[in-house]
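Structure file structure-v1.cif (mmCIF, C-alpha atoms) follows.
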```cif
data_target
loop_
_atom_site.group_PDB
_atom_site.id
_atom_site.type_symbol
_atom_site.label_atom_id
_atom_site.label_comp_id
_atom_site.auth_asym_id
_atom_site.auth_seq_id
_atom_site.Cartn_x
_atom_site.Cartn_y
_atom_site.Cartn_z
ATOM 1 C CA GLN W 1 -17.193 0.271 14.758
ATOM 2 C CA SER W 2 -16.550 -3.295 13.601
ATOM 3 C CA ILE W 3 -19.951 -4.406 14.879
ATOM 4 C CA PHE W 4 -21.715 -1.625 12.985
ATOM 5 C CA SER W 5 -19.789 -2.494 9.820
ATOM 6 C CA PHE W 6 -20.688 -6.152 10.277
ATOM 7 C CA LEU W 7 -24.359 -5.256 10.720
ATOM 8 C CA GLN W 8 -24.331 -3.162 7.570
ATOM 9 C CA LYS W 9 -22.723 -5.950 5.565
ATOM 10 C CA GLN W 10 -25.052 -8.645 6.895
ATOM 11 C CA SER W 11 -28.219 -6.597 6.424
ATOM 12 C CA HIS W 12 -27.794 -6.725 2.655
ATOM 13 C CA GLY W 13 -27.851 -10.514 2.708
ATOM 14 C CA ASN W 14 -30.691 -11.137 5.145
ATOM 15 C CA ARG W 15 -33.145 -8.382 6.007
ATOM 16 C CA ARG W 16 -35.173 -10.687 8.249
ATOM 17 C CA LEU W 17 -32.600 -11.083 11.007
ATOM 18 C CA SER W 18 -33.083 -8.701 13.922
ATOM 19 C CA ILE W 19 -30.312 -6.372 15.084
ATOM 20 C CA LEU W 20 -29.834 -8.480 18.235
ATOM 21 C CA GLU W 21 -29.391 -11.609 16.113
ATOM 22 C CA HIS W 22 -26.810 -9.808 13.983
ATOM 23 C CA ILE W 23 -24.910 -8.680 17.090
ATOM 24 C CA ARG W 24 -25.053 -12.199 18.541
ATOM 25 C CA LYS W 25 -23.748 -13.575 15.242
ATOM 26 C CA PHE W 26 -20.845 -11.110 15.277
ATOM 27 C CA MET W 27 -19.953 -11.897 18.891
ATOM 28 C CA LEU W 28 -19.795 -15.629 18.076
ATOM 29 C CA LEU W 29 -17.010 -15.002 15.567
ATOM 30 C CA SER W 30 -13.562 -15.967 16.760
ATOM 31 C CA SER W 31 -11.064 -13.198 17.471
ATOM 32 C CA GLU W 32 -9.219 -14.191 14.279
ATOM 33 C CA GLU W 33 -12.424 -13.922 12.217
ATOM 34 C CA LYS W 34 -13.236 -10.519 13.724
ATOM 35 C CA GLN W 35 -9.728 -9.288 12.952
ATOM 36 C CA GLU W 36 -10.012 -10.653 9.405
ATOM 37 C CA PHE W 37 -13.299 -8.785 8.977
ATOM 38 C CA ARG W 38 -11.752 -5.529 10.190
ATOM 39 C CA GLU W 39 -8.749 -5.895 7.913
ATOM 40 C CA GLN W 40 -10.714 -6.826 4.813
ATOM 41 C CA ARG W 41 -13.408 -4.150 4.985
ATOM 42 C CA ARG W 42 -13.042 -1.681 2.121
ATOM 43 C CA ASP W 43 -13.986 1.995 2.202
ATOM 44 C CA ILE W 44 -15.571 2.035 -1.267
ATOM 45 C CA SER W 45 -16.052 -0.589 -3.993
ATOM 46 C CA LYS W 46 -17.092 0.156 -7.567
ATOM 47 C CA TYR W 47 -17.861 -2.468 -10.204
ATOM 48 C CA VAL W 48 -17.167 -1.720 -13.865
ATOM 49 C CA LYS W 49 -19.377 -3.605 -16.322
ATOM 50 C CA SER W 50 -19.840 -3.649 -20.097
ATOM 51 C CA LEU W 51 -22.856 -5.259 -21.756
ATOM 52 C CA GLY W 52 -23.585 -7.106 -18.548
ATOM 53 C CA SER W 53 -20.084 -8.570 -18.233
ATOM 54 C CA MET W 54 -17.811 -7.722 -15.329
ATOM 55 C CA ILE W 55 -14.660 -5.875 -16.378
ATOM 56 C CA ALA W 56 -13.104 -4.996 -13.010
ATOM 57 C CA LEU W 57 -13.665 -4.110 -9.381
ATOM 58 C CA TYR W 58 -12.152 -0.831 -8.223
ATOM 59 C CA GLY W 59 -11.533 -0.490 -4.502
ATOM 60 C CA ILE W 60 -10.936 2.975 -3.044
ATOM 61 C CA GLU W 61 -9.219 3.390 0.321
ATOM 62 C CA ASN W 62 -9.192 6.814 1.999
ATOM 63 C CA GLN W 63 -6.054 7.422 4.055
ATOM 64 C CA SER W 64 -5.231 10.419 6.247
ATOM 65 C CA SER W 65 -1.936 9.265 7.762
ATOM 66 C CA LEU W 66 1.299 7.733 6.512
ATOM 67 C CA ASP W 67 1.341 3.955 6.799
ATOM 68 C CA ALA W 68 4.451 1.932 6.011
ATOM 69 C CA ASP W 69 2.381 -1.289 5.927
ATOM 70 C CA MET W 70 -0.286 -0.026 3.518
ATOM 71 C CA VAL W 71 0.836 -2.486 0.881
ATOM 72 C CA PHE W 72 -0.054 -5.396 3.171
ATOM 73 C CA ARG W 73 -3.439 -3.905 4.044
ATOM 74 C CA VAL W 74 -4.287 -3.525 0.364
ATOM 75 C CA MET W 75 -3.184 -7.120 -0.250
ATOM 76 C CA GLY W 76 -5.732 -8.184 2.379
ATOM 77 C CA TYR W 77 -8.525 -6.191 0.715
ATOM 78 C CA ASP W 78 -7.677 -7.566 -2.724
ATOM 79 C CA TYR W 79 -7.416 -11.128 -1.464
ATOM 80 C CA ALA W 80 -10.858 -10.840 0.166
ATOM 81 C CA SER W 81 -12.319 -9.722 -3.178
ATOM 82 C CA TYR W 82 -10.717 -12.585 -5.100
ATOM 83 C CA ARG W 83 -11.766 -15.051 -2.406
ATOM 84 C CA SER W 84 -15.333 -13.797 -2.733
ATOM 85 C CA GLN W 85 -15.190 -14.539 -6.468
ATOM 86 C CA MET W 86 -13.860 -18.034 -5.771
ATOM 87 C CA ASP W 87 -16.477 -18.807 -3.123
ATOM 88 C CA ALA W 88 -19.273 -17.617 -5.423
ATOM 89 C CA GLY W 89 -17.940 -19.663 -8.317
ATOM 90 C CA LYS W 90 -17.835 -16.556 -10.473
ATOM 91 C CA GLU W 91 -15.614 -15.889 -13.446
ATOM 92 C CA ARG W 92 -12.487 -14.160 -12.211
ATOM 93 C CA TYR W 93 -12.137 -10.448 -12.918
ATOM 94 C CA PRO W 94 -9.420 -7.926 -12.003
ATOM 95 C CA VAL W 95 -9.403 -6.158 -8.641
ATOM 96 C CA ILE W 96 -7.716 -2.763 -8.636
ATOM 97 C CA THR W 97 -7.242 -0.779 -5.428
ATOM 98 C CA VAL W 98 -6.459 2.930 -5.307
ATOM 99 C CA VAL W 99 -5.369 4.602 -2.064
ATOM 100 C CA LEU W 100 -6.430 8.249 -1.816
ATOM 101 C CA TYR W 101 -4.015 9.890 0.606
ATOM 102 C CA PHE W 102 -5.164 13.222 2.094
ATOM 103 C CA GLY W 103 -2.314 13.832 4.564
ATOM 104 C CA ASP W 104 -0.249 17.008 4.804
ATOM 105 C CA LYS W 105 3.132 15.296 4.508
ATOM 106 C CA ALA W 106 4.095 13.880 1.110
ATOM 107 C CA TRP W 107 3.611 10.120 0.753
ATOM 108 C CA GLU W 108 7.085 8.627 1.006
ATOM 109 C CA LYS W 109 6.139 5.223 2.393
ATOM 110 C CA PRO W 110 6.668 1.906 0.559
ATOM 111 C CA CYS W 111 4.330 1.135 -2.326
ATOM 112 C CA SER W 112 5.484 -2.439 -2.840
ATOM 113 C CA ILE W 113 6.601 -5.487 -0.854
ATOM 114 C CA HIS W 114 10.154 -5.149 -2.182
ATOM 115 C CA GLU W 115 10.281 -1.554 -0.937
ATOM 116 C CA ARG W 116 8.861 -2.511 2.477
ATOM 117 C CA ILE W 117 10.960 -5.588 3.283
ATOM 118 C CA GLN W 118 14.679 -5.536 3.866
ATOM 119 C CA ALA W 119 16.212 -8.681 2.381
ATOM 120 C CA ALA W 120 19.265 -9.867 0.545
ATOM 121 C CA ASP W 121 19.205 -9.535 -3.242
ATOM 122 C CA PHE W 122 19.167 -13.303 -3.792
ATOM 123 C CA VAL W 123 16.056 -13.509 -1.570
ATOM 124 C CA LYS W 124 14.266 -10.645 -3.314
ATOM 125 C CA LYS W 125 14.813 -12.325 -6.676
ATOM 126 C CA LYS W 126 12.534 -15.124 -5.487
ATOM 127 C CA LEU W 127 10.141 -12.900 -3.517
ATOM 128 C CA SER W 128 6.878 -12.148 -5.306
ATOM 129 C CA ASP W 129 6.312 -8.406 -5.392
ATOM 130 C CA TYR W 130 3.025 -6.533 -4.977
ATOM 131 C CA ARG W 131 2.639 -2.875 -5.874
ATOM 132 C CA ILE W 132 -0.144 -0.514 -4.796
ATOM 133 C CA ASN W 133 -1.546 2.628 -6.386
ATOM 134 C CA VAL W 134 -1.303 5.678 -4.112
ATOM 135 C CA VAL W 135 -2.707 9.066 -5.120
ATOM 136 C CA ASP W 136 -1.275 11.918 -3.028
ATOM 137 C CA VAL W 137 -4.344 14.160 -3.324
ATOM 138 C CA GLN W 138 -2.703 17.380 -2.127
ATOM 139 C CA ARG W 139 0.013 17.016 -4.756
ATOM 140 C CA ILE W 140 -1.997 16.187 -7.849
ATOM 141 C CA PRO W 141 -0.634 18.520 -10.575
ATOM 142 C CA GLU W 142 -2.931 21.351 -11.598
ATOM 143 C CA LYS W 143 -3.077 20.141 -15.218
ATOM 144 C CA VAL W 144 -4.343 16.783 -14.004
ATOM 145 C CA ARG W 145 -6.861 18.372 -11.610
ATOM 146 C CA GLU W 146 -8.317 20.417 -14.438
ATOM 147 C CA LYS W 147 -9.258 17.183 -16.247
ATOM 148 C CA LEU W 148 -11.233 15.863 -13.263
ATOM 149 C CA THR W 149 -14.909 16.588 -13.915
ATOM 150 C CA SER W 150 -16.544 14.943 -10.877
ATOM 151 C CA ASP W 151 -16.817 16.212 -7.290
ATOM 152 C CA PHE W 152 -13.395 14.698 -6.682
ATOM 153 C CA GLY W 153 -11.861 17.387 -8.893
ATOM 154 C CA VAL W 154 -13.275 20.060 -6.590
ATOM 155 C CA VAL W 155 -12.055 18.160 -3.523
ATOM 156 C CA ALA W 156 -8.575 17.708 -5.000
ATOM 157 C CA GLU W 157 -8.379 21.441 -5.769
ATOM 158 C CA PHE W 158 -9.415 22.268 -2.189
ATOM 159 C CA PHE W 159 -6.739 20.076 -0.590
ATOM 160 C CA ALA W 160 -4.064 21.325 -2.987
ATOM 161 C CA GLU W 161 -4.862 25.028 -2.603
ATOM 162 C CA ARG W 162 -6.439 25.486 0.848
ATOM 163 C CA ARG W 163 -3.264 26.938 2.394
ATOM 164 C CA ASN W 164 -2.935 29.436 -0.425
ATOM 165 C CA LEU W 165 -4.138 32.789 0.945
ATOM 166 C CA GLU W 166 -5.486 33.732 -2.497
ATOM 167 C CA TYR W 167 -7.454 30.498 -2.918
ATOM 168 C CA MET W 168 -11.114 31.012 -3.751
ATOM 169 C CA PRO W 169 -13.334 27.913 -3.224
ATOM 170 C CA SER W 170 -14.945 26.567 -6.384
ATOM 171 C CA LYS W 171 -18.458 27.679 -7.313
ATOM 172 C CA LYS W 172 -19.042 24.455 -9.238
ATOM 173 C CA VAL W 173 -22.242 22.733 -8.061
ATOM 174 C CA LEU W 174 -21.528 19.540 -6.130
ATOM 175 C CA LYS W 175 -23.436 16.434 -7.170
ATOM 176 C CA HIS W 176 -22.928 14.792 -3.769
ATOM 177 C CA ALA W 177 -22.694 17.743 -1.380
ATOM 178 C CA GLU W 178 -23.413 15.783 1.799
ATOM 179 C CA ALA W 179 -20.756 13.154 1.036
ATOM 180 C CA VAL W 180 -18.181 15.840 0.218
ATOM 181 C CA LEU W 181 -18.970 17.625 3.477
ATOM 182 C CA LYS W 182 -18.434 14.398 5.442
ATOM 183 C CA LEU W 183 -15.116 13.804 3.691
ATOM 184 C CA LEU W 184 -13.905 17.333 4.452
ATOM 185 C CA GLU W 185 -14.955 17.014 8.080
ATOM 186 C CA VAL W 186 -13.009 13.760 8.510
ATOM 187 C CA PHE W 187 -9.845 14.614 6.600
ATOM 188 C CA THR W 188 -9.425 18.249 7.679
ATOM 189 C CA GLY W 189 -10.439 17.778 11.323
ATOM 190 C CA ASP W 190 -12.306 21.092 11.085
ATOM 191 C CA GLU W 191 -15.391 20.864 13.294
ATOM 192 C CA ARG W 192 -17.008 23.803 11.493
ATOM 193 C CA TYR W 193 -18.032 21.374 8.765
ATOM 194 C CA ARG W 194 -20.020 19.434 11.361
ATOM 195 C CA ALA W 195 -21.605 22.703 12.527
ATOM 196 C CA ILE W 196 -23.161 23.297 9.094
ATOM 197 C CA GLU W 197 -24.103 19.660 8.487
ATOM 198 C CA GLU W 198 -27.799 20.078 9.328
ATOM 199 C CA GLU W 199 -28.063 23.106 7.035
ATOM 200 C CA VAL W 200 -26.467 21.165 4.179
ATOM 201 C CA ILE W 201 -28.680 18.100 4.655
ATOM 202 C CA GLU W 202 -31.787 20.292 4.738
ATOM 203 C CA ARG W 203 -30.700 22.115 1.583
ATOM 204 C CA VAL W 204 -30.029 18.822 -0.230
ATOM 205 C CA GLU W 205 -33.387 17.353 0.826
ATOM 206 C CA GLU W 206 -35.099 20.451 -0.558
ATOM 207 C CA GLY W 207 -33.380 19.885 -3.882
ATOM 208 C CA GLY W 208 -31.092 22.888 -3.509
ATOM 209 C CA GLU W 209 -27.618 23.185 -5.031
ATOM 210 C CA LEU W 210 -24.403 23.662 -3.049
ATOM 211 C CA SER W 211 -20.777 24.369 -3.867
ATOM 212 C CA MET W 212 -17.486 24.582 -1.996
ATOM 213 C CA CYS W 213 -17.862 28.352 -2.093
ATOM 214 C CA GLU W 214 -21.188 28.105 -0.258
ATOM 215 C CA PHE W 215 -19.627 25.756 2.301
ATOM 216 C CA ALA W 216 -17.038 28.430 3.054
ATOM 217 C CA GLU W 217 -19.655 31.198 3.303
ATOM 218 C CA ARG W 218 -21.806 29.154 5.686
ATOM 219 C CA MET W 219 -18.780 28.282 7.831
ATOM 220 C CA GLU W 220 -17.729 31.929 7.997
ATOM 221 C CA LYS W 221 -21.255 32.972 8.958
ATOM 222 C CA ARG W 222 -21.414 30.260 11.629
ATOM 223 C CA GLY W 223 -18.028 31.382 12.957
ATOM 224 C CA MET W 224 -19.250 34.990 13.218
ATOM 225 C CA GLU W 225 -22.387 33.830 14.999
ATOM 226 C CA GLN W 226 -20.329 31.818 17.475
ATOM 227 C CA GLY W 227 -18.016 34.781 18.031
ATOM 228 C CA MET W 228 -21.041 36.957 18.782
ATOM 229 C CA GLU W 229 -22.354 34.331 21.203
ATOM 230 C CA TYR W 230 -19.030 34.297 23.080
ATOM 231 C CA GLY W 231 -19.037 38.105 23.246
ATOM 232 C CA ILE W 232 -22.583 38.223 24.633
ATOM 233 C CA GLU W 233 -21.798 35.551 27.218
ATOM 234 C CA ALA W 234 -18.638 37.363 28.340
ATOM 235 C CA LEU W 235 -20.470 40.686 28.683
ATOM 236 C CA ILE W 236 -23.250 39.153 30.784
ATOM 237 C CA LEU W 237 -20.912 37.240 33.089
ATOM 238 C CA ASP W 238 -18.585 40.221 33.576
ATOM 239 C CA ASN W 239 -21.467 42.556 34.415
ATOM 240 C CA LEU W 240 -23.034 40.051 36.803
ATOM 241 C CA GLU W 241 -19.680 39.758 38.548
ATOM 242 C CA GLU W 242 -19.654 43.554 38.880
ATOM 243 C CA GLN W 243 -23.186 43.287 40.319
ATOM 244 C CA LYS W 244 -24.801 45.366 37.588
ATOM 245 C CA THR W 245 -28.572 45.404 37.589
ATOM 246 C CA ARG W 246 -30.649 43.402 35.154
ATOM 247 C CA GLU W 247 -31.825 46.585 33.436
ATOM 248 C CA GLN W 248 -28.254 47.842 32.979
ATOM 249 C CA ILE W 249 -27.139 44.555 31.406
ATOM 250 C CA LEU W 250 -30.119 44.461 29.060
ATOM 251 C CA GLU W 251 -29.395 47.993 27.870
ATOM 252 C CA LYS W 252 -25.750 47.125 27.156
ATOM 253 C CA LEU W 253 -26.764 44.030 25.200
ATOM 254 C CA LYS W 254 -29.198 45.981 23.042
ATOM 255 C CA LYS W 255 -26.695 48.756 22.381
ATOM 256 C CA ARG W 256 -23.519 46.744 21.731
ATOM 257 C CA PHE W 257 -25.024 43.838 19.797
ATOM 258 C CA ARG W 258 -28.029 45.585 18.253
ATOM 259 C CA LEU W 259 -30.468 43.180 19.872
ATOM 260 C CA THR W 260 -34.164 43.660 20.455
ATOM 261 C CA ALA W 261 -35.412 43.713 24.051
ATOM 262 C CA GLU W 262 -36.764 40.197 23.603
ATOM 263 C CA GLN W 263 -33.470 38.851 22.205
ATOM 264 C CA ALA W 264 -31.449 40.507 24.975
ATOM 265 C CA ASN W 265 -33.720 38.985 27.594
ATOM 266 C CA VAL W 266 -33.333 35.481 26.080
ATOM 267 C CA TYR W 267 -29.518 35.739 26.232
ATOM 268 C CA LEU W 268 -29.595 37.056 29.801
ATOM 269 C CA GLU W 269 -31.801 34.154 30.890
ATOM 270 C CA ARG W 270 -29.501 31.708 29.153
ATOM 271 C CA TYR W 271 -26.231 32.841 30.731
ATOM 272 C CA ALA W 272 -27.298 34.379 34.062
ATOM 273 C CA GLY W 273 -27.432 31.008 35.771
ATOM 274 C CA LYS W 274 -23.821 30.084 34.937
#
```

Show me the file's structure as structure tokens.
Amino acid sequence: QSIFSFLQKQSHGNRRLSILEHIRKFMLLSSEEKQEFREQRRDISKYVKSLGSMIALYGIENQSSLDADMVFRVMGYDYASYRSQMDAGKERYPVITVVLYFGDKAWEKPCSIHERIQAADFVKKKLSDYRINVVDVQRIPEKVREKLTSDFGVVAEFFAERRNLEYMPSKKVLKHAEAVLKLLEVFTGDERYRAIEEEVIERVEEGGELSMCEFAERMEKRGMEQGMEYGIEALILDNLEEQKTREQILEKLKKRFRLTAEQANVYLERYAGK
């Protein structure tokens, strides 16, 4: 994963180098340099400008698990950004990192160095503190969620309400449907999102619109299709074990699953060899 991230970063600076040269360059890094690269790689960076002048850099870190040392990780990301400004001889601008936490348990881990480190009071008085911004996505208040107008508002609503039996997925059109799908797949661990990925990509490429509601409908449909597949497979294998004839099995498939003769034959061919 680190190699691929390194390749992606390097490709922006020099398109002429071949992939093998990039890999060779990465492998020549010392173990300390490789570790530094891993630790300083951000998930998302957004620059804020006004009239051509840099106002700030916002770094967004997606987190699915509780991490007591998150404050130190964020310090590493922020330092790398400031160091980049120094090395480029640029005018210094603020770096602000926001951690988006998608976990099920409430975030109760330290958000500052003083909270993380146990030390005597006289030591802490001299210890520079560093505080991070953590957004517990599942626990964003409804009034705040209602003010979110981007795709993130839809995502925040989903994570906050998904265990509510009366929750109805939003019908609001997603501006970045493919990215939202990827995020849901990663942070829910639900493989059904991966199952509909090709359908979503195809729909997006055709210029079609998608919403969270349509995601749910497609997942439900895919689940029903998979359930039907399992039922057909079980019927065929059970009947083969009972030494039923090919004609008998085909008739059962057509009757129980409302298949055409051609469809029944395709399924029988597929599972008869198992």

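One distance worth recording is that between atom CA of Arg92 of chain W and atom CA of Ile113 of chain W, which is 23.8 Å.
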
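Residues lying within 7 Å of segment 258-269 of chain W, counting only C-alpha atoms and ignoring same-chain neighbours fewer than 5 positions away, are Ile236, Leu250 and Leu253 of chain W.
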
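Evaluated on this file, the PyMOL selection byres ((chain W and resi 133) around 10) matches W:Ile60, W:Val71, W:Val74, W:Ile96, W:Thr97, W:Val98, W:Val99, W:Leu100, W:Cys111, W:Ser112, W:Arg131, W:Ile132, W:Val134, W:Val135, W:Asp136.
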
Keeping C-alpha atoms for every residue in the selection just given, could you write it to a file as a PDB file, in the frame of the given file?
```pdb
ATOM      1  CA  ILE W  60     -10.936   2.975  -3.044  1.00  0.00           C
ATOM      2  CA  VAL W  71       0.836  -2.486   0.881  1.00  0.00           C
ATOM      3  CA  VAL W  74      -4.287  -3.525   0.364  1.00  0.00           C
ATOM      4  CA  ILE W  96      -7.716  -2.763  -8.636  1.00  0.00           C
ATOM      5  CA  THR W  97      -7.242  -0.779  -5.428  1.00  0.00           C
ATOM      6  CA  VAL W  98      -6.459   2.930  -5.307  1.00  0.00           C
ATOM      7  CA  VAL W  99      -5.369   4.602  -2.064  1.00  0.00           C
ATOM      8  CA  LEU W 100      -6.430   8.249  -1.816  1.00  0.00           C
ATOM      9  CA  CYS W 111       4.330   1.135  -2.326  1.00  0.00           C
ATOM     10  CA  SER W 112       5.484  -2.439  -2.840  1.00  0.00           C
ATOM     11  CA  ARG W 131       2.639  -2.875  -5.874  1.00  0.00           C
ATOM     12  CA  ILE W 132      -0.144  -0.514  -4.796  1.00  0.00           C
ATOM     13  CA  VAL W 134      -1.303   5.678  -4.112  1.00  0.00           C
ATOM     14  CA  VAL W 135      -2.707   9.066  -5.120  1.00  0.00           C
ATOM     15  CA  ASP W 136      -1.275  11.918  -3.028  1.00  0.00           C
TER      16      ASP W 136
END
```

(request) Name all residues at most 7 Å from Ala56 of chain W (count all atoms listed in the file; drop same-chain ones fewer than 3 positions away) and give them as a PyMOL selection string. (result) chain W and resi 47-48+93-95

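If all atoms listed in the file are the atoms counted, then among W:Val137, W:Val200, W:Met212, W:Ala68 the closest residue to Ile117 of chain W is W:Ala68.
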
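For the pair atom CA of Leu183 of chain W and atom CA of Val155 of chain W, the interatomic distance is 9.0 Å.
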
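Counting only C-alpha atoms and comparing W:Leu210, W:Leu66, W:Ile55, W:Ala272, the residue that lies closest to Glu178 of chain W is W:Leu210.
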
(request) Report the residues retrieved by the PyMOL selection byres ((chain W and resi 176) around 12) from the displayed file, expressed as a ChimeraX atom specification. (result) /W:150-152,154-155,172-175,177-183,200-201,203-205,207-212

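Rounded to one decimal, atom CA of Pro169 of chain W and atom CA of Glu217 of chain W lie 9.7 Å from each other.
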
(message) Excluding segment 139-149 of chain W and its own-chain neighbours fewer than 6 positions away, which residues fall within 8 Å of it when counting all atoms listed in the file? Please give them as number ranges by chain.
(response) W: 106, 156-157, 160

(request) Mind checking which residues fall within 10 Å of Arg256 of chain W, counting all atoms listed in the file, ignoring those fewer than 6 positions away in the same chain, and posting them as a PyMOL selection string? (result) chain W and resi 231-232+235

Please give the centre and size of the box around segment 126-142 of chain W (axis-aligned, containing every atom listed in the file, 5 Å added per side), with values in Å to one decimal and written as AutoDock Vina command-line options.
```
--center_x 4.1 --center_y 3.1 --center_z -6.9 --size_x 26.9 --size_y 46.5 --size_z 19.5
```
